[in-house]
Amino acid sequence: MEGRRAGRLPALRAIAHHLTCAGLTVFFWFIGTSGIMLFFRNIQRHQQQIIESEEKYRMLFESNPHPMWVYDLDTLKFLTVNDAAVEHYGYSRDEFLAMTIKDIRPAEDIIPLLDNISRVTTGMDKAGVWRHRKKDGTVIQTEITSHVVDFGGRRGEIVLANDVTNSLKLEDQLRQAQKMESVGLLAGGVAHDFNNVLTAIIGYGNLLQMKLAKTDPLRPYADNIMITAQRAAQLTQSLLAFSRKQVMHPIPIELNGIIQGVEKLLKRLIREDIELITRLVSADTTVMADRVQVEQVLMNLATNARDAMPRGGTLTISSSIEELDEDFIATHDYGKPGAYVRLSIADTGAGMDERTRERIFEPFFTTKEMGQGTGLGLASSYGIIKQHKGFIDVESEPGRGTSFHIYFPALKSDTSRNGVHAEEVLKGGTETILVAEDDEVIRNLTSSILREFGYTVIDAKDGNDAVREFRENRDRIGLLLLDVIMPLKGGKDAYEEIRTIRPGIKVLFISGYSADTISKEGILEEGSSFISKPVSPSELLQKVRELLDRKD
């Protein structure tokens, strides 16, 4: 038995060993199979995450409101573009994929573009603002942000293009407005002293003309003095108009009526080889405006149009009613939404490039030869229009003419007052007038003019002197002629004190200061009589006679 048992033991051990090996094999097979399954499951999960991530980024790319694309850094070919790029640039997707990024750049920007690409490295790149050309030829300003990517094994760059054309335009308009305002402040500041000088020249020149017979050999000298002085006065008024500091006398007027009124004058102003066409809307074109200043704008623009057509052409003046909405106002940075009367002056002349167009409203800027223009015509027109709470827009291209579009806020009115003042005969009188003027030359001139036409004049060198003279002569003074701004006491304060002595005394204020300065004195708002320097003797005499004859 023991022998049999001893004989079985190796067999049992062999079976046990076999079973143990088989178990271990099954165990390791199970472990291995589980590991492989877990490995593949992780791979699948990772692949799914990649797919989901790619889908997320694809959606961000496709649905981005800004144009985006990927291009090959070696060939510069577009590899893919989003819907916003297709819509904004006007090219179809297939057209984009057949192009390189050089095809959307102006020719002069290609070399800077290649130079910029040669410096591309990894990471984010803010390339700044570049010019892009759309399919219709429009050139836009775009802010470029990019990043190097691997695109299907190709070294590419993903680009986001933000169109900042309108933003830059608004910034330019703000800078231009600030520059215009600075020059306007300078113009208004020098106007007072310049107007005093011109008042003396014009006044004494006018008196000299009165004393000289038309056959006197010295008469031409006096006439030329007056002509030159009037030109200087017009320059001053143009500067004040540009700076929007002219004294305005707005009334309801029909723009169509103004155009018709100056049409014959414009035909004489332009040459015979230029055809003048007017196209006026039949609707009501009433606006609140100063007739003389609007006529000045028409004359300035017609003169510029004439000079832009040296070989003849067509000048078209038209009117229309425009309803401007919030979008238009926001885009152009103009006024307020509402109804406007649009006045358009279009020529078929040489036109302007963009750089010239940006500067045309600057004072003293002119494209004419030396001595052929002051550079104030368009500047003063700009100021007049702004002072009327309107705005002006310009369209022009070299060789395609120029169109100015002027917008005045429409005024709902059944009637417009377009009365023409009849020329008055120069009259004098025998009344006593108190003249208060701190400038001795102007004071002597004013007194001489008034005495020449029969008036008795009492002189005062400032407001305090005026009050003192009035107290001594209160019963015989018929009119006060007061300079608004004087040392010690101005004309307004002197008038207020004199009025307590004798209520109802008539007054005529005079000043060479700009309209905003006069407004601060509270004179224009009260409706007081006011006359601006430089003033001619005839204008002064007519205003004095008008006040003395008025029945209050």
# chains A, B, ... in the order shown; residues from 1 in each chain; ligands from 1
>>> residues_around(residues="Asp353 in chain A", least_positions_apart="2", cutoff="7 Å", atoms="only C-alpha atoms", output="PyMOL selection string")
chain A and resi 355-357+397-398
>>> write_last_selection(atoms="C-alpha atoms", output="PDB file, in the first residue's frame")
ATOM      1  CA  ARG A 355      -6.064 113.047 -47.647  1.00  0.00           C
ATOM      2  CA  THR A 356      -7.303 116.318 -49.172  1.00  0.00           C
ATOM      3  CA  ARG A 357     -10.912 115.563 -48.256  1.00  0.00           C
ATOM      4  CA  GLU A 397     -13.061 110.816 -55.569  1.00  0.00           C
ATOM      5  CA  PRO A 398     -10.300 111.918 -57.942  1.00  0.00           C
TER       6      PRO A 398
END
>>> residues_around(residues="Thr432 in chain A", least_positions_apart="5", cutoff="12 Å", atoms="only C-alpha atoms", output="MDAnalysis selection string")
chainID A and resid 447 450:451 453:459 470 473:481 506 544:545 548
>>> write_last_selection(atoms="N, CA, C and O atoms", output="mmCIF file, in the first residue's frame")
data_model
loop_
_atom_site.group_PDB
_atom_site.id
_atom_site.type_symbol
_atom_site.label_atom_id
_atom_site.label_comp_id
_atom_site.auth_asym_id
_atom_site.auth_seq_id
_atom_site.Cartn_x
_atom_site.Cartn_y
_atom_site.Cartn_z
ATOM 1 N N SER A 447 -17.747 159.539 -32.960
ATOM 2 C CA SER A 447 -18.225 160.893 -32.680
ATOM 3 C C SER A 447 -18.178 161.760 -33.940
ATOM 4 O O SER A 447 -19.107 162.542 -34.205
ATOM 5 N N LEU A 450 -21.131 160.850 -36.291
ATOM 6 C CA LEU A 450 -22.414 161.351 -35.788
ATOM 7 C C LEU A 450 -22.503 162.878 -35.898
ATOM 8 O O LEU A 450 -23.542 163.432 -36.284
ATOM 9 N N ARG A 451 -21.418 163.564 -35.568
ATOM 10 C CA ARG A 451 -21.430 165.031 -35.667
ATOM 11 C C ARG A 451 -21.544 165.468 -37.117
ATOM 12 O O ARG A 451 -22.173 166.495 -37.416
ATOM 13 N N PHE A 453 -23.278 164.245 -39.307
ATOM 14 C CA PHE A 453 -24.678 164.166 -39.733
ATOM 15 C C PHE A 453 -25.615 164.882 -38.757
ATOM 16 O O PHE A 453 -26.797 164.566 -38.672
ATOM 17 N N GLY A 454 -25.053 165.849 -38.024
ATOM 18 C CA GLY A 454 -25.884 166.767 -37.274
ATOM 19 C C GLY A 454 -26.125 166.456 -35.813
ATOM 20 O O GLY A 454 -26.731 167.269 -35.090
ATOM 21 N N TYR A 455 -25.703 165.310 -35.341
ATOM 22 C CA TYR A 455 -25.964 164.948 -33.953
ATOM 23 C C TYR A 455 -25.017 165.673 -33.005
ATOM 24 O O TYR A 455 -23.881 166.024 -33.376
ATOM 25 N N THR A 456 -25.481 165.878 -31.785
ATOM 26 C CA THR A 456 -24.624 166.362 -30.704
ATOM 27 C C THR A 456 -24.101 165.142 -29.956
ATOM 28 O O THR A 456 -24.878 164.232 -29.619
ATOM 29 N N VAL A 457 -22.806 165.104 -29.707
ATOM 30 C CA VAL A 457 -22.189 163.914 -29.121
ATOM 31 C C VAL A 457 -21.517 164.262 -27.800
ATOM 32 O O VAL A 457 -20.811 165.267 -27.692
ATOM 33 N N ILE A 458 -21.760 163.432 -26.787
ATOM 34 C CA ILE A 458 -21.053 163.500 -25.511
ATOM 35 C C ILE A 458 -20.188 162.247 -25.412
ATOM 36 O O ILE A 458 -20.698 161.126 -25.499
ATOM 37 N N ASP A 459 -18.892 162.448 -25.245
ATOM 38 C CA ASP A 459 -17.952 161.321 -25.209
ATOM 39 C C ASP A 459 -17.734 160.813 -23.789
ATOM 40 O O ASP A 459 -17.733 161.599 -22.838
ATOM 41 N N PHE A 470 -23.995 161.021 -17.952
ATOM 42 C CA PHE A 470 -25.454 160.955 -18.056
ATOM 43 C C PHE A 470 -26.126 161.707 -16.911
ATOM 44 O O PHE A 470 -27.150 162.377 -17.112
ATOM 45 N N ASN A 473 -26.236 165.246 -17.819
ATOM 46 C CA ASN A 473 -26.951 165.643 -19.041
ATOM 47 C C ASN A 473 -28.200 164.777 -19.269
ATOM 48 O O ASN A 473 -28.607 164.560 -20.414
ATOM 49 N N ARG A 474 -28.801 164.318 -18.198
ATOM 50 C CA ARG A 474 -29.872 163.336 -18.296
ATOM 51 C C ARG A 474 -31.053 163.801 -19.146
ATOM 52 O O ARG A 474 -31.720 162.997 -19.784
ATOM 53 N N ASP A 475 -31.364 165.073 -19.129
ATOM 54 C CA ASP A 475 -32.576 165.553 -19.790
ATOM 55 C C ASP A 475 -32.421 165.733 -21.292
ATOM 56 O O ASP A 475 -33.422 165.801 -22.010
ATOM 57 N N ARG A 476 -31.195 165.805 -21.773
ATOM 58 C CA ARG A 476 -31.035 166.076 -23.216
ATOM 59 C C ARG A 476 -30.473 164.907 -24.021
ATOM 60 O O ARG A 476 -30.406 164.987 -25.243
ATOM 61 N N ILE A 477 -30.089 163.826 -23.340
ATOM 62 C CA ILE A 477 -29.556 162.662 -24.071
ATOM 63 C C ILE A 477 -30.704 161.813 -24.593
ATOM 64 O O ILE A 477 -31.582 161.399 -23.842
ATOM 65 N N GLY A 478 -30.681 161.546 -25.902
ATOM 66 C CA GLY A 478 -31.747 160.752 -26.520
ATOM 67 C C GLY A 478 -31.383 159.298 -26.762
ATOM 68 O O GLY A 478 -32.257 158.444 -26.947
ATOM 69 N N LEU A 479 -30.095 158.994 -26.757
ATOM 70 C CA LEU A 479 -29.661 157.623 -27.069
ATOM 71 C C LEU A 479 -28.298 157.356 -26.446
ATOM 72 O O LEU A 479 -27.415 158.218 -26.436
ATOM 73 N N LEU A 480 -28.131 156.122 -25.930
ATOM 74 C CA LEU A 480 -26.839 155.658 -25.442
ATOM 75 C C LEU A 480 -26.211 154.751 -26.495
ATOM 76 O O LEU A 480 -26.859 153.819 -26.984
ATOM 77 N N LEU A 481 -24.957 155.015 -26.846
ATOM 78 C CA LEU A 481 -24.192 154.128 -27.736
ATOM 79 C C LEU A 481 -23.035 153.592 -26.913
ATOM 80 O O LEU A 481 -22.047 154.290 -26.665
ATOM 81 N N LYS A 506 -33.143 154.888 -24.444
ATOM 82 C CA LYS A 506 -32.816 153.999 -25.563
ATOM 83 C C LYS A 506 -31.312 153.722 -25.593
ATOM 84 O O LYS A 506 -30.502 154.597 -25.264
ATOM 85 N N VAL A 544 -28.817 154.004 -35.710
ATOM 86 C CA VAL A 544 -29.081 155.085 -34.759
ATOM 87 C C VAL A 544 -30.410 155.758 -35.081
ATOM 88 O O VAL A 544 -31.246 156.002 -34.191
ATOM 89 N N ARG A 545 -30.623 156.042 -36.372
ATOM 90 C CA ARG A 545 -31.869 156.704 -36.760
ATOM 91 C C ARG A 545 -33.086 155.813 -36.502
ATOM 92 O O ARG A 545 -34.146 156.275 -36.068
ATOM 93 N N LEU A 548 -33.858 155.962 -32.715
ATOM 94 C CA LEU A 548 -34.392 157.257 -32.291
ATOM 95 C C LEU A 548 -35.820 157.470 -32.771
ATOM 96 O O LEU A 548 -36.622 158.118 -32.096
#
>>> residues_around(residues="Thr285 in chain A", least_positions_apart="6", cutoff="7 Å", atoms="only C-alpha atoms", output="number ranges by chain")
A: 254-256, 341, 410
>>> select_by_dssp(residues="range 82-182 of chain A", states="strand (DSSP E or B)", output="PyMOL selection string")
chain A and resi 100+124-133+139-151+154-163
>>> closest_residue(among="A:Val294, A:Val281, A:Leu114, A:Ile104", to="Thr142 in chain A", atoms="only C-alpha atoms")
A:Ile104
>>> closest_residue(among="A:Glu440, A:Met99, A:Ile201, A:Asp284", to="Gln230 in chain A", atoms="only C-alpha atoms")
A:Ile201
>>> atom_distance(atom1="CA of Thr402 in chain A", atom2="CA of Ala107 in chain A")
26.4 Å
>>> residues_around(residues="Ile498 in chain A", least_positions_apart="5", cutoff="12 Å", atoms="only C-alpha atoms", output="list in words")
Leu434, Gly463, Asn464, Asp465, Ala466, Val467, Arg468, Glu469, Phe470, Arg471, Glu472, Asn473, Arg474, Ile477, Leu479, Leu480, Leu482, Gly491, Lys492, Asp493, Pro503, Gly504, Ile505, Lys506 and Val507 of chain A
>>> write_last_selection(atoms="C-alpha atoms", output="PDB file, in the first residue's frame")
ATOM      1  CA  LEU A 434     -23.821 159.610 -25.383  1.00  0.00           C
ATOM      2  CA  GLY A 463     -18.733 152.839 -18.122  1.00  0.00           C
ATOM      3  CA  ASN A 464     -18.111 154.947 -15.041  1.00  0.00           C
ATOM      4  CA  ASP A 465     -17.479 158.018 -17.181  1.00  0.00           C
ATOM      5  CA  ALA A 466     -20.704 157.286 -19.079  1.00  0.00           C
ATOM      6  CA  VAL A 467     -22.792 157.173 -15.876  1.00  0.00           C
ATOM      7  CA  ARG A 468     -21.218 160.436 -14.697  1.00  0.00           C
ATOM      8  CA  GLU A 469     -21.870 162.186 -18.028  1.00  0.00           C
ATOM      9  CA  PHE A 470     -25.454 160.955 -18.056  1.00  0.00           C
ATOM     10  CA  ARG A 471     -26.144 162.294 -14.577  1.00  0.00           C
ATOM     11  CA  GLU A 472     -25.004 165.724 -15.738  1.00  0.00           C
ATOM     12  CA  ASN A 473     -26.951 165.643 -19.041  1.00  0.00           C
ATOM     13  CA  ARG A 474     -29.872 163.336 -18.296  1.00  0.00           C
ATOM     14  CA  ILE A 477     -29.556 162.662 -24.071  1.00  0.00           C
ATOM     15  CA  LEU A 479     -29.661 157.623 -27.069  1.00  0.00           C
ATOM     16  CA  LEU A 480     -26.839 155.658 -25.442  1.00  0.00           C
ATOM     17  CA  LEU A 482     -22.241 151.778 -25.438  1.00  0.00           C
ATOM     18  CA  GLY A 491     -21.681 148.815 -21.241  1.00  0.00           C
ATOM     19  CA  LYS A 492     -24.299 146.478 -19.758  1.00  0.00           C
ATOM     20  CA  ASP A 493     -23.557 147.520 -16.160  1.00  0.00           C
ATOM     21  CA  PRO A 503     -36.122 154.356 -17.156  1.00  0.00           C
ATOM     22  CA  GLY A 504     -36.881 153.891 -20.838  1.00  0.00           C
ATOM     23  CA  ILE A 505     -33.657 155.449 -22.139  1.00  0.00           C
ATOM     24  CA  LYS A 506     -32.816 153.999 -25.563  1.00  0.00           C
ATOM     25  CA  VAL A 507     -29.572 152.100 -25.990  1.00  0.00           C
TER      26      VAL A 507
END
